[in-house]
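For reference, model13.csv (CSV, N, CA and C atoms):
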chain,number,residue,atom,x,y,z
A,1,MET,N,6.7,-13.1,7.5
A,1,MET,CA,7.2,-13.2,6.2
A,1,MET,C,6.2,-12.5,5.2
A,2,ILE,N,6.7,-11.7,4.3
A,2,ILE,CA,5.9,-11.0,3.3
A,2,ILE,C,5.7,-11.9,2.1
A,3,ASP,N,4.4,-12.0,1.7
A,3,ASP,CA,4.0,-12.8,0.6
A,3,ASP,C,4.6,-12.2,-0.7
A,4,LYS,N,5.2,-13.0,-1.5
A,4,LYS,CA,5.8,-12.5,-2.8
A,4,LYS,C,4.8,-11.9,-3.7
A,5,LYS,N,3.5,-12.5,-3.7
A,5,LYS,CA,2.5,-11.9,-4.6
A,5,LYS,C,2.1,-10.5,-4.2
A,6,TYR,N,2.0,-10.3,-2.9
A,6,TYR,CA,1.7,-9.0,-2.3
A,6,TYR,C,2.9,-8.0,-2.6
A,7,TYR,N,4.1,-8.5,-2.4
A,7,TYR,CA,5.3,-7.6,-2.6
A,7,TYR,C,5.4,-7.2,-4.1
A,8,LEU,N,5.2,-8.1,-5.0
A,8,LEU,CA,5.3,-7.8,-6.4
A,8,LEU,C,4.2,-6.8,-6.8
A,9,TYR,N,3.0,-7.0,-6.3
A,9,TYR,CA,1.9,-6.0,-6.5
A,9,TYR,C,2.3,-4.7,-6.0
A,10,ALA,N,2.8,-4.6,-4.8
A,10,ALA,CA,3.2,-3.3,-4.1
A,10,ALA,C,4.2,-2.6,-5.0
A,11,VAL,N,5.2,-3.3,-5.4
A,11,VAL,CA,6.3,-2.7,-6.2
A,11,VAL,C,5.7,-2.1,-7.5
A,12,GLU,N,4.8,-2.9,-8.1
A,12,GLU,CA,4.1,-2.5,-9.4
A,12,GLU,C,3.3,-1.2,-9.2
A,13,GLN,N,2.6,-1.1,-8.1
A,13,GLN,CA,1.8,0.1,-7.8
A,13,GLN,C,2.7,1.3,-7.5
A,14,MET,N,3.8,1.1,-6.8
A,14,MET,CA,4.7,2.2,-6.5
A,14,MET,C,5.3,2.7,-7.8
A,15,ASP,N,5.6,1.8,-8.7
A,15,ASP,CA,6.2,2.2,-10.0
A,15,ASP,C,5.1,3.0,-10.8
A,16,ARG,N,3.9,2.5,-10.8
A,16,ARG,CA,2.8,3.2,-11.5
A,16,ARG,C,2.7,4.6,-11.0
A,17,ALA,N,2.7,4.8,-9.7
A,17,ALA,CA,2.5,6.1,-9.1
A,17,ALA,C,3.7,7.0,-9.5
A,18,LYS,N,4.9,6.5,-9.6
A,18,LYS,CA,6.0,7.3,-10.0
A,18,LYS,C,5.9,7.8,-11.5
A,19,ARG,N,5.3,6.9,-12.3
A,19,ARG,CA,5.1,7.3,-13.8
A,19,ARG,C,4.0,8.3,-14.0
A,20,GLU,N,3.0,8.2,-13.2
A,20,GLU,CA,1.8,9.1,-13.4
A,20,GLU,C,2.2,10.6,-13.1
A,21,LYS,N,1.7,11.5,-13.9
A,21,LYS,CA,2.0,12.9,-13.7
A,21,LYS,C,1.0,13.4,-12.6
A,22,LYS,N,-0.3,13.3,-12.8
A,22,LYS,CA,-1.2,13.9,-11.9
A,22,LYS,C,-1.6,12.8,-10.9
A,23,LYS,N,-1.5,13.1,-9.6
A,23,LYS,CA,-1.9,12.2,-8.6
A,23,LYS,C,-3.3,12.3,-8.3
A,24,HIS,N,-4.0,11.1,-8.3
A,24,HIS,CA,-5.4,11.0,-8.0
A,24,HIS,C,-5.7,9.6,-7.5
A,25,ASN,N,-6.9,9.5,-7.0
A,25,ASN,CA,-7.3,8.2,-6.4
A,25,ASN,C,-7.7,7.2,-7.4
A,26,GLY,N,-7.7,7.5,-8.6
A,26,GLY,CA,-7.9,6.5,-9.7
A,26,GLY,C,-9.3,6.3,-10.2
A,27,TRP,N,-10.3,7.1,-9.8
A,27,TRP,CA,-11.6,7.0,-10.4
A,27,TRP,C,-11.7,7.1,-11.9
A,28,LYS,N,-10.8,7.8,-12.5
A,28,LYS,CA,-10.8,8.1,-13.9
A,28,LYS,C,-10.5,6.8,-14.7
A,29,ASP,N,-9.7,5.9,-14.1
A,29,ASP,CA,-9.3,4.7,-14.9
A,29,ASP,C,-9.9,3.4,-14.2
A,30,LYS,N,-11.0,3.6,-13.5
A,30,LYS,CA,-11.6,2.5,-12.8
A,30,LYS,C,-11.9,1.3,-13.7
A,31,ALA,N,-12.4,1.5,-14.9
A,31,ALA,CA,-12.8,0.5,-15.8
A,31,ALA,C,-11.6,-0.4,-16.2
A,32,ASP,N,-10.4,0.1,-16.1
A,32,ASP,CA,-9.2,-0.7,-16.5
A,32,ASP,C,-8.6,-1.5,-15.3
A,33,ARG,N,-9.2,-1.5,-14.1
A,33,ARG,CA,-8.5,-2.2,-13.0
A,33,ARG,C,-9.3,-3.4,-12.6
A,34,ASP,N,-8.6,-4.4,-12.1
A,34,ASP,CA,-9.2,-5.6,-11.6
A,34,ASP,C,-8.9,-5.8,-10.1
A,35,CYS,N,-9.8,-6.4,-9.4
A,35,CYS,CA,-9.6,-6.6,-8.0
A,35,CYS,C,-8.5,-7.6,-7.7
A,36,PHE,N,-7.6,-7.2,-6.8
A,36,PHE,CA,-6.4,-8.0,-6.4
A,36,PHE,C,-6.9,-9.4,-6.0
A,37,TYR,N,-8.0,-9.5,-5.2
A,37,TYR,CA,-8.4,-10.8,-4.6
A,37,TYR,C,-9.3,-11.6,-5.6
A,38,SER,N,-10.3,-11.0,-6.2
A,38,SER,CA,-11.2,-11.7,-7.0
A,38,SER,C,-11.0,-11.7,-8.5
A,39,GLY,N,-10.2,-10.7,-9.0
A,39,GLY,CA,-10.0,-10.5,-10.4
A,39,GLY,C,-11.1,-9.8,-11.1
A,40,ARG,N,-12.2,-9.4,-10.3
A,40,ARG,CA,-13.3,-8.7,-10.9
A,40,ARG,C,-12.9,-7.4,-11.5
A,41,PRO,N,-13.5,-7.0,-12.6
A,41,PRO,CA,-13.2,-5.7,-13.2
A,41,PRO,C,-13.8,-4.5,-12.5
A,42,CYS,N,-13.4,-3.3,-12.9
A,42,CYS,CA,-13.9,-2.1,-12.3
A,42,CYS,C,-13.6,-1.9,-10.8
A,43,ALA,N,-12.4,-2.3,-10.4
A,43,ALA,CA,-12.0,-2.2,-9.0
A,43,ALA,C,-11.9,-0.8,-8.5
A,44,GLU,N,-12.1,-0.6,-7.3
A,44,GLU,CA,-11.9,0.7,-6.6
A,44,GLU,C,-10.5,0.7,-6.1
A,45,ARG,N,-9.9,1.8,-6.0
A,45,ARG,CA,-8.5,1.9,-5.5
A,45,ARG,C,-8.6,2.2,-4.0
A,46,HIS,N,-8.0,1.4,-3.2
A,46,HIS,CA,-7.9,1.5,-1.7
A,46,HIS,C,-6.6,2.0,-1.3
A,47,GLU,N,-6.6,3.1,-0.5
A,47,GLU,CA,-5.3,3.6,0.0
A,47,GLU,C,-5.0,2.8,1.3
A,48,VAL,N,-3.8,2.3,1.3
A,48,VAL,CA,-3.4,1.4,2.4
A,48,VAL,C,-3.2,2.1,3.7
A,49,PHE,N,-2.8,3.4,3.7
A,49,PHE,CA,-2.6,4.1,5.0
A,49,PHE,C,-3.7,5.2,5.0
A,50,PRO,N,-4.7,5.0,5.9
A,50,PRO,CA,-5.8,5.9,6.0
A,50,PRO,C,-5.6,7.2,6.8
A,51,GLY,N,-6.5,8.1,6.7
A,51,GLY,CA,-6.5,9.4,7.5
A,51,GLY,C,-5.6,10.4,6.8
A,52,ARG,N,-5.7,11.6,7.4
A,52,ARG,CA,-4.9,12.7,6.8
A,52,ARG,C,-3.6,12.8,7.5
A,53,PRO,N,-2.5,13.0,6.9
A,53,PRO,CA,-2.3,13.2,5.5
A,53,PRO,C,-1.9,11.9,4.8
A,54,ASN,N,-2.0,10.7,5.6
A,54,ASN,CA,-1.6,9.5,5.0
A,54,ASN,C,-2.3,9.0,3.8
A,55,ARG,N,-3.5,9.4,3.6
A,55,ARG,CA,-4.3,9.0,2.4
A,55,ARG,C,-3.6,9.7,1.2
A,56,GLN,N,-3.3,10.9,1.3
A,56,GLN,CA,-2.6,11.6,0.2
A,56,GLN,C,-1.2,11.1,-0.1
A,57,ILE,N,-0.5,10.7,1.0
A,57,ILE,CA,0.8,10.1,0.9
A,57,ILE,C,0.7,8.7,0.1
A,58,SER,N,-0.4,8.0,0.5
A,58,SER,CA,-0.6,6.7,-0.2
A,58,SER,C,-0.9,6.9,-1.7
A,59,ILE,N,-1.6,7.9,-2.0
A,59,ILE,CA,-1.9,8.2,-3.5
A,59,ILE,C,-0.6,8.6,-4.2
A,60,ALA,N,0.2,9.5,-3.5
A,60,ALA,CA,1.4,10.0,-4.2
A,60,ALA,C,2.4,8.9,-4.4
A,61,HIS,N,2.5,8.0,-3.4
A,61,HIS,CA,3.6,6.9,-3.5
A,61,HIS,C,3.1,5.6,-4.1
A,62,GLY,N,1.8,5.5,-4.4
A,62,GLY,CA,1.2,4.3,-4.9
A,62,GLY,C,1.0,3.2,-3.9
A,63,PHE,N,0.8,3.6,-2.6
A,63,PHE,CA,0.5,2.6,-1.6
A,63,PHE,C,-1.0,2.3,-1.6
A,64,GLN,N,-1.4,1.7,-2.7
A,64,GLN,CA,-2.8,1.4,-3.0
A,64,GLN,C,-3.0,0.0,-3.5
A,65,VAL,N,-4.3,-0.5,-3.3
A,65,VAL,CA,-4.7,-1.8,-3.8
A,65,VAL,C,-6.0,-1.7,-4.5
A,66,ASP,N,-6.1,-2.3,-5.7
A,66,ASP,CA,-7.3,-2.3,-6.4
A,66,ASP,C,-8.2,-3.4,-5.9
A,67,LEU,N,-9.5,-3.0,-5.5
A,67,LEU,CA,-10.4,-4.0,-4.9
A,67,LEU,C,-11.8,-3.9,-5.4
A,68,CYS,N,-12.5,-5.0,-5.4
A,68,CYS,CA,-13.9,-4.9,-5.7
A,68,CYS,C,-14.6,-4.2,-4.6
A,69,PRO,N,-15.8,-3.7,-4.8
A,69,PRO,CA,-16.5,-2.9,-3.7
A,69,PRO,C,-16.6,-3.6,-2.4
A,70,GLU,N,-16.9,-4.9,-2.4
A,70,GLU,CA,-17.1,-5.6,-1.2
A,70,GLU,C,-15.8,-5.7,-0.4
A,71,LYS,N,-14.7,-6.1,-1.0
A,71,LYS,CA,-13.5,-6.2,-0.3
A,71,LYS,C,-13.0,-4.8,0.1
A,72,HIS,N,-13.2,-3.8,-0.7
A,72,HIS,CA,-12.8,-2.4,-0.3
A,72,HIS,C,-13.6,-2.0,1.0
A,73,ARG,N,-14.8,-2.3,1.0
A,73,ARG,CA,-15.6,-1.9,2.2
A,73,ARG,C,-15.1,-2.7,3.4
A,74,GLU,N,-14.8,-4.0,3.3
A,74,GLU,CA,-14.3,-4.8,4.4
A,74,GLU,C,-12.9,-4.2,4.9
A,75,LEU,N,-12.0,-3.9,4.0
A,75,LEU,CA,-10.7,-3.3,4.4
A,75,LEU,C,-10.9,-1.9,5.1
A,76,GLN,N,-11.8,-1.1,4.5
A,76,GLN,CA,-12.0,0.2,5.1
A,76,GLN,C,-12.6,0.1,6.5
A,77,GLU,N,-13.5,-0.8,6.7
A,77,GLU,CA,-14.2,-0.9,8.0
A,77,GLU,C,-13.2,-1.5,9.0
A,78,ASN,N,-12.4,-2.4,8.6
A,78,ASN,CA,-11.3,-3.0,9.4
A,78,ASN,C,-11.9,-3.6,10.7
A,79,ILE,N,-13.0,-4.3,10.6
A,79,ILE,CA,-13.7,-4.9,11.7
A,79,ILE,C,-13.5,-6.4,11.7
A,80,MET,N,-13.6,-7.1,10.6
A,80,MET,CA,-13.5,-8.5,10.5
A,80,MET,C,-12.1,-9.0,10.7
A,81,PRO,N,-11.9,-10.2,11.3
A,81,PRO,CA,-10.5,-10.7,11.5
A,81,PRO,C,-9.7,-10.7,10.1
A,82,TRP,N,-10.4,-11.1,9.1
A,82,TRP,CA,-9.7,-11.2,7.8
A,82,TRP,C,-9.2,-9.8,7.4
A,83,ALA,N,-10.0,-8.8,7.6
A,83,ALA,CA,-9.6,-7.4,7.2
A,83,ALA,C,-8.4,-6.9,8.0
A,84,LYS,N,-8.4,-7.2,9.3
A,84,LYS,CA,-7.4,-6.8,10.2
A,84,LYS,C,-6.0,-7.4,9.7
A,85,VAL,N,-6.1,-8.7,9.4
A,85,VAL,CA,-4.9,-9.4,8.9
A,85,VAL,C,-4.4,-8.8,7.6
A,86,GLU,N,-5.3,-8.6,6.7
A,86,GLU,CA,-5.0,-8.1,5.3
A,86,GLU,C,-4.4,-6.7,5.4
A,87,ASN,N,-5.1,-5.8,6.2
A,87,ASN,CA,-4.6,-4.5,6.3
A,87,ASN,C,-3.1,-4.5,6.9
A,88,GLN,N,-2.9,-5.3,7.9
A,88,GLN,CA,-1.5,-5.4,8.5
A,88,GLN,C,-0.5,-5.9,7.4
A,89,LYS,N,-1.0,-6.9,6.6
A,89,LYS,CA,-0.1,-7.5,5.6
A,89,LYS,C,0.3,-6.4,4.6
A,90,TRP,N,-0.7,-5.6,4.1
A,90,TRP,CA,-0.5,-4.6,3.1
A,90,TRP,C,0.5,-3.5,3.7
A,91,ARG,N,0.3,-3.1,4.9
A,91,ARG,CA,1.1,-2.1,5.5
A,91,ARG,C,2.6,-2.6,5.6
A,92,GLU,N,2.7,-3.8,6.1
A,92,GLU,CA,4.1,-4.4,6.1
A,92,GLU,C,4.7,-4.5,4.7
A,93,THR,N,3.9,-4.9,3.8
A,93,THR,CA,4.4,-5.1,2.4
A,93,THR,C,4.9,-3.8,1.8
A,94,TYR,N,4.1,-2.7,1.9
A,94,TYR,CA,4.4,-1.4,1.4
A,94,TYR,C,5.6,-0.8,2.1
A,95,GLU,N,5.7,-1.0,3.4
A,95,GLU,CA,6.9,-0.5,4.1
A,95,GLU,C,8.1,-1.2,3.6
A,96,ARG,N,8.1,-2.6,3.5
A,96,ARG,CA,9.2,-3.3,3.0
A,96,ARG,C,9.6,-2.9,1.6
A,97,ALA,N,8.6,-2.7,0.7
A,97,ALA,CA,8.9,-2.3,-0.7
A,97,ALA,C,9.6,-0.9,-0.7
A,98,TYR,N,9.1,0.0,0.1
A,98,TYR,CA,9.6,1.3,0.2
A,98,TYR,C,11.1,1.3,0.7
A,99,ILE,N,11.3,0.6,1.7
A,99,ILE,CA,12.7,0.5,2.3
A,99,ILE,C,13.6,-0.2,1.3
A,100,ASP,N,13.2,-1.3,0.7
A,100,ASP,CA,14.0,-2.0,-0.3
A,100,ASP,C,14.4,-1.0,-1.5
A,101,ARG,N,13.4,-0.2,-1.9
A,101,ARG,CA,13.7,0.7,-3.0
A,101,ARG,C,14.8,1.7,-2.6
A,102,LEU,N,14.7,2.2,-1.4
A,102,LEU,CA,15.7,3.2,-0.9
A,102,LEU,C,17.1,2.5,-0.8
A,103,ILE,N,17.1,1.3,-0.3
A,103,ILE,CA,18.3,0.5,-0.2
A,103,ILE,C,18.9,0.3,-1.6
A,104,ASP,N,18.1,-0.1,-2.6
A,104,ASP,CA,18.6,-0.2,-3.9
A,104,ASP,C,19.2,1.1,-4.5
A,105,GLU,N,18.7,2.2,-4.0
A,105,GLU,CA,19.2,3.5,-4.5
A,105,GLU,C,20.4,3.9,-3.7
A,106,GLY,N,20.9,3.1,-2.7
A,106,GLY,CA,22.1,3.4,-2.0
A,106,GLY,C,22.0,3.8,-0.6
A,107,ALA,N,20.8,3.8,0.0
A,107,ALA,CA,20.6,4.1,1.4
A,107,ALA,C,20.9,2.9,2.3
A,108,SER,N,21.3,3.1,3.5
A,108,SER,CA,21.4,2.0,4.4
A,108,SER,C,20.0,1.6,4.9
A,109,GLU,N,19.8,0.4,5.5
A,109,GLU,CA,18.5,0.0,6.0
A,109,GLU,C,18.1,1.0,7.1
A,110,GLU,N,19.0,1.4,7.9
A,110,GLU,CA,18.7,2.4,9.0
A,110,GLU,C,18.2,3.7,8.5
A,111,ASP,N,18.8,4.2,7.5
A,111,ASP,CA,18.4,5.5,6.8
A,111,ASP,C,17.1,5.3,6.1
A,112,ALA,N,16.9,4.2,5.5
A,112,ALA,CA,15.6,3.9,4.8
A,112,ALA,C,14.5,3.8,5.8
A,113,LEU,N,14.7,3.2,6.9
A,113,LEU,CA,13.7,3.1,7.9
A,113,LEU,C,13.4,4.4,8.5
A,114,GLU,N,14.4,5.2,8.7
A,114,GLU,CA,14.2,6.6,9.2
A,114,GLU,C,13.4,7.4,8.2
A,115,SER,N,13.6,7.3,6.9
A,115,SER,CA,12.8,7.9,5.9
A,115,SER,C,11.4,7.5,6.0
A,116,TRP,N,11.2,6.2,6.1
A,116,TRP,CA,9.8,5.7,6.3
A,116,TRP,C,9.1,6.3,7.5
A,117,MET,N,9.8,6.4,8.6
A,117,MET,CA,9.2,6.9,9.8
A,117,MET,C,8.8,8.4,9.6
A,118,ARG,N,9.6,9.1,8.9
A,118,ARG,CA,9.3,10.5,8.6
A,118,ARG,C,8.1,10.6,7.7
A,119,LEU,N,8.0,9.7,6.8
A,119,LEU,CA,6.9,9.7,5.8
A,119,LEU,C,5.5,9.2,6.4
A,120,ILE,N,5.5,8.1,7.1
A,120,ILE,CA,4.3,7.5,7.6
A,120,ILE,C,4.1,7.7,9.1
A,121,GLY,N,5.2,7.7,9.8
A,121,GLY,CA,5.2,7.9,11.3
A,121,GLY,C,5.0,6.7,12.1
A,122,ARG,N,5.0,5.5,11.5
A,122,ARG,CA,4.8,4.3,12.2
A,122,ARG,C,5.5,3.1,11.5
A,123,ASN,N,6.1,2.3,12.3
A,123,ASN,CA,6.7,1.1,11.8
A,123,ASN,C,5.8,-0.1,11.9
A,124,TYR,N,5.6,-0.9,10.8
A,124,TYR,CA,4.7,-2.0,10.7
A,124,TYR,C,5.5,-3.3,10.7
A,125,ILE,N,6.8,-3.3,10.5
A,125,ILE,CA,7.5,-4.5,10.4
A,125,ILE,C,8.2,-4.8,11.8
A,126,GLU,N,7.8,-5.9,12.4
A,126,GLU,CA,8.2,-6.2,13.8
A,126,GLU,C,9.7,-6.4,13.9
A,127,GLU,N,10.4,-6.9,12.9
A,127,GLU,CA,11.8,-7.2,13.0
A,127,GLU,C,12.6,-5.9,12.9
A,128,LEU,N,12.1,-4.8,12.5
A,128,LEU,CA,12.8,-3.5,12.3
A,128,LEU,C,12.5,-2.7,13.5
A,129,THR,N,13.6,-2.0,14.0
A,129,THR,CA,13.4,-1.1,15.2
A,129,THR,C,13.9,0.3,14.8
A,130,PRO,N,13.0,1.2,14.7
A,130,PRO,CA,13.4,2.6,14.4
A,130,PRO,C,14.1,3.2,15.6
A,131,LYS,N,14.9,4.3,15.3
A,131,LYS,CA,15.5,5.0,16.4
A,131,LYS,C,14.5,5.9,17.1

Let me see whether you can do it: turn the structure in this file into structure tokens.
Amino acid sequence: MIDKKYYLYAVEQMDRAKREKKKHNGWKDKADRDCFYSGRPCAERHEVFPGRPNRQISIAHGFQVDLCPEKHRELQENIMPWAKVENQKWRETYERAYIDRLIDEGASEEDALESWMRLIGRNYIEELTPK
């Protein structure tokens, strides 16, 4: 089950990315961001889907989370059990938000999942089965 707090945050980030003209990782507005977990200011922007080209896809679509440096490092390293759980939670959440947005725009769930698979190349939601 996807946590509502995470889902609402994901939708907000995706909306932000849609409004922005120039796509960047957010260093320019770092002072205006707060950590999702601690609320601390000057948060770093973490791309939920790592590697090439997924990092750029994350930036373009707003699949990002604002984090304090300590939490950012933990999620990037993905070693601790907490980080593994959180990374999976964020990936599921952003996949669900992306699919829901396409369904709201008139796509079927099957077509939306297919679009997700073309974009990211991997399904993170256990209940969904791509073709």

query = Where does DSSP see helix (DSSP H, G or I) in chain A, if you list the residues as a PyMOL selection string?
reply = chain A and resi 4-19+27-32+54-61+69-77+81-104+109-120

ask   = atom CA of Gln13 of chain A to atom CA of Pro41 of chain A: how many Å, to one decimal?
value =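 Going from atom CA of Gln13 of chain A over to atom CA of Pro41 of chain A, I get 17.0 Å.
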
task = Mind checking which residues fall within 6 Å of Arg33 of chain A, counting only N, CA and C atoms, ignoring those fewer than 3 positions away in the same chain, and posting them as a PyMOL selection string?
result = chain A and resi 29-30+40-43

request  = Check the smallest atom-to-atom distance from each of A:Asn87, A:Tyr37, A:Met14, A:Tyr94 to Ala60 of chain A using only N, CA and C atoms, then report the winner.
outcome  = A:Met14

message = Applying 8 Å and all atoms listed in the file, which residues near segment 110-127 of chain A remain after dropping the ones on its own chain fewer than 4 positions away? List them as a list in words.
response =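 These residues fall inside the cut-off: Asn54, Ile57, Gln88, Arg91, Glu92, Thr93, Glu95, Arg96, Tyr98, Ile99, Asp100, Arg101, Leu102, Ile103, Gly106 and Lys131 of chain A.
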
key: From A:Cys68, A:Met80, A:Leu8, A:Ile2, residue lying nearest Arg45 of chain A [all atoms listed in the file]   =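 So, comparing all the options, the nearest one is A:Cys68.
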